[in-house]
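Visitor: Handing over protein10.cif, mmCIF, C-alpha atoms and all ligand atoms.
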data_start
#
loop_
_atom_site.label_atom_id
_atom_site.label_comp_id
_atom_site.auth_asym_id
_atom_site.auth_seq_id
_atom_site.Cartn_x
_atom_site.Cartn_y
_atom_site.Cartn_z
CA MET R 169 -1.66 -21.66 0.73
CA ASP R 170 -1.74 -17.94 -0.01
CA SER R 171 -2.88 -16.13 3.11
CA GLY R 172 -3.22 -12.85 1.21
CA ASN R 173 -0.69 -11.20 3.54
CA HIS R 174 2.97 -11.20 2.56
CA LEU R 175 4.42 -11.37 6.10
CA ILE R 176 2.47 -14.57 6.80
CA THR R 177 3.69 -16.00 3.49
CA LEU R 178 7.28 -15.58 4.73
CA LEU R 179 6.78 -17.86 7.74
CA ALA R 180 8.00 -21.43 7.89
CA ARG R 181 5.27 -23.78 6.65
CA ARG R 182 4.34 -25.20 10.06
CA ASP R 183 4.48 -21.80 11.80
CA ARG R 184 2.30 -20.34 9.05
CA ALA R 185 -0.30 -23.09 9.49
CA ASN R 186 -0.30 -22.63 13.29
CA LEU R 187 -0.78 -18.87 12.99
CA LEU R 188 -3.52 -19.14 10.36
CA GLU R 189 -5.39 -21.57 12.58
CA LEU R 190 -5.56 -18.88 15.27
CA CYS R 191 -6.58 -16.10 12.86
CA GLN R 192 -10.11 -15.04 12.08
CA SER R 193 -11.31 -13.23 8.98
CA ALA R 194 -12.61 -9.72 9.43
CA GLU R 195 -13.85 -7.02 7.14
CA LEU R 196 -12.37 -3.66 8.04
CA GLN R 197 -14.64 -0.66 7.50
CA SER R 198 -13.50 2.71 6.21
CA SER R 199 -12.67 5.14 9.07
CA GLN R 200 -12.78 2.32 11.64
CA VAL R 201 -10.42 3.15 14.51
CA LEU R 202 -8.29 0.11 15.37
CA GLY R 203 -6.53 1.79 18.28
CA VAL R 204 -5.36 5.11 19.66
CA ALA R 205 -1.85 5.96 20.82
CA GLY R 206 -1.28 4.83 24.38
CA SER R 207 -4.15 2.33 24.47
CA ALA R 208 -3.78 -1.39 25.09
CA GLN R 209 -3.62 -3.49 21.95
CA HIS R 210 -6.11 -6.33 22.07
CA TYR R 211 -5.90 -7.49 18.45
CA VAL R 212 -3.24 -7.89 15.81
CA TRP R 213 -4.21 -7.27 12.19
CA PHE R 214 -2.79 -8.73 8.98
CA PRO R 215 -4.54 -6.86 6.12
CA GLN R 216 -5.24 -8.83 2.95
CA ALA R 217 -7.03 -6.21 0.87
CA ALA R 218 -7.37 -3.27 3.26
CA ALA R 219 -5.20 -0.27 4.10
CA ILE R 220 -4.61 1.07 7.61
CA SER R 221 -3.26 4.59 8.15
CA LEU R 222 -0.99 5.26 11.11
CA PHE R 223 -1.17 8.82 12.40
CA ALA R 224 1.13 10.79 14.66
CA LYS R 225 -0.11 13.84 16.53
CA ILE R 226 1.69 16.57 18.41
CA ASP R 227 -0.02 19.11 20.72
CA HIS R 228 -2.85 21.04 19.02
CA HIS R 229 -1.85 20.33 15.40
CA PRO R 230 -3.89 17.95 13.24
CA ALA R 231 -2.61 14.36 13.10
CA VAL R 232 -0.40 13.50 10.10
CA GLU R 233 -0.25 10.11 8.40
CA VAL R 234 3.21 8.61 8.93
CA ALA R 235 2.64 5.13 7.50
CA LEU R 236 0.21 3.12 5.43
CA VAL R 237 -0.13 -0.58 6.21
CA GLY R 238 -1.62 -3.14 3.85
CA ARG R 239 -1.02 -6.69 2.65
CA GLU R 240 2.76 -6.13 2.88
CA GLY R 241 2.57 -5.43 6.61
CA MET R 242 0.62 -5.70 9.84
CA LEU R 243 -0.53 -3.85 12.90
CA GLY R 244 0.95 -5.07 16.18
CA ALA R 245 4.54 -6.10 15.37
CA TYR R 246 5.76 -4.25 18.49
CA LEU R 247 4.30 -7.11 20.56
CA ALA R 248 7.53 -8.84 19.52
CA LEU R 249 9.34 -6.22 21.63
CA GLY R 250 7.15 -7.06 24.61
CA MET R 251 5.09 -3.88 24.09
CA ALA R 252 1.29 -4.29 24.12
CA VAL R 253 0.48 -0.59 23.79
CA MET R 254 -0.35 1.17 20.51
CA PRO R 255 2.35 3.75 19.69
CA LEU R 256 0.24 5.56 17.04
CA LEU R 257 -3.37 6.16 16.04
CA ALA R 258 -4.52 3.47 13.59
CA VAL R 259 -7.50 4.16 11.30
CA VAL R 260 -8.75 2.15 8.33
CA GLN R 261 -8.24 4.15 5.11
CA GLY R 262 -9.24 1.47 2.62
CA ALA R 263 -12.05 -0.93 3.56
CA GLY R 264 -11.45 -4.60 2.92
CA ASP R 265 -10.50 -8.03 4.24
CA SER R 266 -7.99 -8.63 7.00
CA LEU R 267 -6.91 -11.49 9.21
CA CYS R 268 -7.20 -10.84 12.92
CA ILE R 269 -5.73 -12.59 15.95
CA THR R 270 -5.91 -11.71 19.64
CA ALA R 271 -2.78 -10.07 21.02
CA ARG R 272 -2.60 -12.79 23.64
CA ALA R 273 -2.64 -15.66 21.12
CA PHE R 274 -0.17 -13.80 18.91
CA SER R 275 2.26 -13.32 21.83
CA MET R 276 2.08 -17.03 22.61
CA GLU R 277 2.85 -17.87 18.98
CA LEU R 278 5.77 -15.43 19.06
CA ALA R 279 7.23 -17.23 22.07
CA ARG R 280 7.39 -20.54 20.22
CA SER R 281 7.88 -19.60 16.58
CA ALA R 282 11.40 -18.61 15.54
CA SER R 283 10.31 -17.70 12.01
CA LEU R 284 7.54 -15.43 13.32
CA GLN R 285 10.04 -13.64 15.56
CA LYS R 286 12.48 -13.22 12.69
CA VAL R 287 9.84 -11.78 10.36
CA MET R 288 8.59 -9.40 13.09
CA PHE R 289 12.09 -8.10 13.84
CA ARG R 290 12.77 -7.55 10.15
CA TYR R 291 9.43 -5.82 9.67
CA LEU R 292 10.09 -3.54 12.67
CA TYR R 293 13.51 -2.68 11.24
CA VAL R 294 12.02 -1.83 7.83
CA GLN R 295 9.21 0.18 9.42
CA MET R 296 11.69 2.12 11.56
CA ALA R 297 13.71 3.09 8.49
CA GLN R 298 10.55 4.07 6.60
CA LEU R 299 9.20 6.12 9.52
CA ALA R 300 12.52 7.97 9.87
CA ALA R 301 12.49 8.81 6.15
CA PHE R 302 9.06 10.34 6.56
CA VAL R 303 10.54 13.47 8.20
CA PRO R 304 12.80 14.58 5.32
CA CYS R 305 10.05 13.60 2.84
CA LEU R 306 7.61 15.97 4.55
CA GLY R 307 10.23 18.71 4.73
CA PHE R 308 11.88 18.51 1.33
CA HIS R 309 9.57 16.86 -1.21
CA GLN R 310 6.90 18.72 -3.17
CA ILE R 311 3.19 18.00 -2.77
CA ALA R 312 2.48 16.50 -6.23
CA PRO R 313 5.32 13.92 -5.99
CA ARG R 314 4.22 13.05 -2.44
CA MET R 315 0.63 12.69 -3.59
CA ALA R 316 1.77 10.43 -6.45
CA ARG R 317 3.67 8.30 -3.93
CA TRP R 318 0.63 8.03 -1.66
CA LEU R 319 -1.64 6.98 -4.53
CA LEU R 320 0.85 4.30 -5.61
CA MET R 321 1.08 3.03 -2.03
CA MET R 322 -2.70 2.79 -1.86
CA GLN R 323 -2.81 0.98 -5.19
CA ASP R 324 -0.18 -1.51 -4.00
CA ARG R 325 -2.11 -2.22 -0.81
CA MET R 326 -5.66 -2.29 -2.18
CA GLN R 327 -4.83 -3.83 -5.59
CA THR R 328 -7.26 -1.45 -7.24
CA ASP R 329 -7.00 1.54 -9.57
CA GLN R 330 -9.53 3.56 -7.63
CA VAL R 331 -8.85 5.35 -4.34
CA VAL R 332 -11.62 6.95 -2.31
CA CYS R 333 -10.35 10.18 -0.76
CA THR R 334 -11.43 13.83 -0.79
CA HIS R 335 -8.91 16.68 -1.22
CA GLU R 336 -9.57 17.65 2.36
CA ALA R 337 -8.80 14.17 3.70
CA LEU R 338 -5.70 13.92 1.53
CA ALA R 339 -4.43 17.30 2.79
CA TYR R 340 -4.94 16.10 6.34
CA ARG R 341 -3.09 12.85 5.63
CA LEU R 342 -0.14 14.48 3.91
CA GLY R 343 0.11 17.33 6.44
CA VAL R 344 -0.40 20.10 3.87
CA ARG R 345 -3.05 22.72 3.07
CA ARG R 346 -6.09 21.78 1.02
CA GLU R 347 -5.22 24.34 -1.67
CA GLY R 348 -1.88 22.59 -2.21
CA ILE R 349 -3.64 19.26 -2.79
CA THR R 350 -6.09 20.86 -5.24
CA ILE R 351 -3.22 22.32 -7.30
CA ALA R 352 -1.27 19.02 -7.19
CA ALA R 353 -4.37 16.99 -8.19
CA LEU R 354 -5.04 19.34 -11.10
CA SER R 355 -1.49 18.99 -12.36
CA LEU R 356 -1.62 15.16 -12.12
CA GLN R 357 -4.97 15.18 -13.90
CA ARG R 358 -3.74 17.55 -16.62
CA ASP R 359 -0.83 15.18 -17.28
CA GLY R 360 -3.27 12.26 -17.65
CA LEU R 361 -1.92 10.41 -14.59
CA ILE R 362 -5.14 10.44 -12.56
CA ASP R 363 -8.81 11.11 -13.01
CA TYR R 364 -10.42 12.84 -10.05
CA ARG R 365 -14.18 12.89 -9.56
CA ARG R 366 -16.08 13.68 -6.38
CA GLY R 367 -13.80 11.98 -3.92
CA PHE R 368 -12.85 9.12 -6.26
CA ILE R 369 -9.31 9.20 -7.61
CA THR R 370 -8.67 6.79 -10.49
CA ILE R 371 -5.07 5.95 -11.34
CA ALA R 372 -4.95 6.32 -15.11
CA ASN R 373 -1.22 5.93 -15.73
CA ARG R 374 0.78 3.98 -13.13
CA PRO R 375 4.17 4.18 -14.91
CA GLY R 376 3.66 7.94 -15.24
CA LEU R 377 2.89 8.26 -11.52
CA ILE R 378 5.98 6.19 -10.65
CA ALA R 379 8.07 8.52 -12.80
CA ILE R 380 6.99 11.63 -10.93
CA ALA R 381 6.58 10.13 -7.40
CA CYS R 382 9.10 11.34 -4.83
CA PRO R 383 12.10 8.98 -4.48
CA CYS R 384 10.74 7.76 -1.12
CA TYR R 385 8.36 5.45 -3.01
CA ALA R 386 11.25 3.54 -4.62
CA ALA R 387 13.31 3.72 -1.41
CA ASP R 388 10.46 2.20 0.63
CA ARG R 389 10.08 -0.64 -1.82
CA ALA R 390 13.84 -1.24 -2.00
CA ILE R 391 14.37 -1.61 1.74
CA TYR R 392 11.26 -3.80 2.01
CA ALA R 393 12.47 -6.03 -0.83
CA GLN R 394 15.93 -6.26 0.71
CA TYR R 395 14.77 -7.61 4.07
CA LEU R 396 11.27 -8.98 3.41
CA GLY R 397 11.19 -9.69 -0.30
ZN ZN R 401 9.37 11.74 -0.32
#
For the structure just supplied, provide its representation as structure tokens.
Ligand SMILES: [Zn+2]

Guide:
Amino acid sequence: MDSGNHLITLLARRDRANLLELCQSAELQSSQVLGVAGSAQHYVWFPQAAAISLFAKIDHHPAVEVALVGREGMLGAYLALGMAVMPLLAVVQGAGDSLCITARAFSMELARSASLQKVMFRYLYVQMAQLAAFVPCLGFHQIAPRMARWLLMMQDRMQTDQVVCTHEALAYRLGVRREGITIAALSLQRDGLIDYRRGFITIANRPGLIAIACPCYAADRAIYAQYLG
């Protein structure tokens, strides 16, 4: 059975059935806050057709998006490390379906399912590598290639050509000024890669976006495929 979430698909058949029995379906709403850094985690989420942004914040600066979680991932893998506290702010970026399980039931499953533990450890390893790569990406890669990467990541997670996001929200997510996003969006639009209208960005040419996306897009996919493919 296809659960709609790749991590669940990787579990041994019996472990997958046990986990799915404990999961409930939920519809995540755009801008819904699933947890703030330092708060107790009561639920674990396995998105099926939704995207969850993870934000990091330091002192008075605006929060910056450091990861985007969709059907390839989950929210709450750190429970496998015995940690039941959210390390980052988690906000729904793309509304859609998700599976949901209480942190308590998930921890009990972890204790008895070797395949669930293995997948969680691999996912945490991949996420750690991807989070570390975020720093040089922010420092060294240009805005348009980073924007192309973000749009491709959203498309992969939501399985749709259309992304709902204003320039202002995108600037906030990518940790850059709004003017920089406007210039980058214009250049992507001029090259026929996207069509931008009133907060709706349509991906018009995926191969073209892949060609100009910063190398982090391919690197993210490669390490994921290596350990979780
Ligand atoms: Zn990059």

Visitor: Of the candidates R:Ile380, R:Ala248, R:Ala393, R:Cys333, which one gets nearest to Phe368 in chain R if we count all atoms listed in the file?

Guide: R:Cys333

Visitor: Using all atoms listed in the file, pick whichever of R:Val237, R:Ala217, R:Ile378, R:Ala194 has the shortest atom-to-atom distance to Leu299 in chain R.

Guide: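 Looking only at the distances to Leu299 in chain R, the closest residue turns out to be R:Val237.
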
Visitor: Kindly give the distance, in Å, that separates CA of Asn186 in chain R and CA of Tyr211 in chain R, rounded to a single decimal.

Guide: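 We find that CA of Asn186 in chain R and CA of Tyr211 in chain R lie 16.9 Å from each other.
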
Visitor: Any idea what's packed within 9 Å of Leu222 in chain R, counting all atoms listed in the file, ignoring anything in its chain fewer than 3 positions away? Could you give it as a ChimeraX atom specification?

Guide: /R:232-237,256-260

Visitor: Give me the residues within 7 Å of Gly264 in chain R as a PyMOL selection string, counting all atoms listed in the file and dropping any in the same chain fewer than 5 places off.

Guide: chain R and resi 195-197+217-218

Visitor: To one decimal in Å, tell me the separation between CA of Ala339 in chain R and CA of Leu267 in chain R.

Guide: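 Distance between the two atoms: 29.6 Å.
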
Visitor: Separation of CA of Arg272 in chain R and CA of Ser198 in chain R, in Å?

Guide: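 CA of Ser198 in chain R lies 25.7 Å from CA of Arg272 in chain R.
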
Visitor: Would you list the residues that come within 12 Å of ligand ZN 401 (chain R)? Count all atoms listed in the file and give the answer as a ChimeraX atom specification.

Guide: /R:234,298-318,342,380-388

Visitor: Find the residues around Met254 in chain R up to 9 Å (all atoms listed in the file counted), leave out those fewer than 2 positions away in its own chain, and share them as a ChimeraX atom specification.

Guide: /R:203-209,244,246,251-252,256-258

Visitor: Just write the chosen residues, C-alpha atoms, as a short mmCIF file (atom, residue, chain, number, x, y, z; two decimals), keeping the file's coordinate frame.

Guide:
data_model
loop_
_atom_site.label_atom_id
_atom_site.label_comp_id
_atom_site.auth_asym_id
_atom_site.auth_seq_id
_atom_site.Cartn_x
_atom_site.Cartn_y
_atom_site.Cartn_z
CA GLY R 203 -6.53 1.79 18.28
CA VAL R 204 -5.36 5.11 19.66
CA ALA R 205 -1.85 5.96 20.82
CA GLY R 206 -1.28 4.83 24.38
CA SER R 207 -4.15 2.33 24.47
CA ALA R 208 -3.78 -1.39 25.09
CA GLN R 209 -3.62 -3.49 21.95
CA GLY R 244 0.95 -5.07 16.18
CA TYR R 246 5.76 -4.25 18.49
CA MET R 251 5.09 -3.88 24.09
CA ALA R 252 1.29 -4.29 24.12
CA LEU R 256 0.24 5.56 17.04
CA LEU R 257 -3.37 6.16 16.04
CA ALA R 258 -4.52 3.47 13.59
#

Visitor: Using all atoms listed in the file, pick whichever of R:Ala231, R:Val287, R:Ala379, R:Met276 has the shortest atom-to-atom distance to Leu396 in chain R.

Guide: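 For Leu396 in chain R, the nearest of the given residues is R:Val287.
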
Visitor: Name all residues at most 8 Å from Cys268 in chain R (count only C-alpha atoms; drop same-chain ones fewer than 2 positions away) and give them as number ranges by chain.

Guide: R: 191-194, 211-214, 266, 270

Visitor: Which is closer to Ile371 in chain R than all the others in R:Leu319, R:Leu338, R:Ala390, R:Ile349, using only C-alpha atoms?

Guide: R:Leu319

Visitor: My list of candidates is R:Ser355, R:Thr350, R:Asn173, R:Gln285. Which is closest to Leu249 in chain R when distances are computed with all atoms listed in the file?

Guide: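 Among the listed residues, the smallest separation from Leu249 in chain R belongs to R:Gln285.
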
Visitor: With all atoms listed in the file as the counted atoms, please give the residues lying no more than 8 Å from Ala273 in chain R, apart from itself and same-chain residues fewer than 4 positions off, as a VMD selection string.

Guide: chain R and resid 190 269 277

Visitor: Select, from R:Ala297, R:Val331, R:Leu188, R:Ala337, the residue with the minimum atom-to-atom distance to Ile362 in chain R, counting all atoms listed in the file.

Guide: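 Nearest candidate to Ile362 in chain R out of R:Ala297, R:Val331, R:Leu188, R:Ala337: R:Val331.
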
Visitor: Put a box with edges along x, y and z around all the listed atoms of range 342-350 of chain R, pad it by 4 Å on each side, then give me its centre and sizes in Å, one decimal, as JSON.

Guide:
{"center_x": -3.0, "center_y": 19.4, "center_z": 0.6, "size_x": 14.2, "size_y": 17.9, "size_z": 19.7}
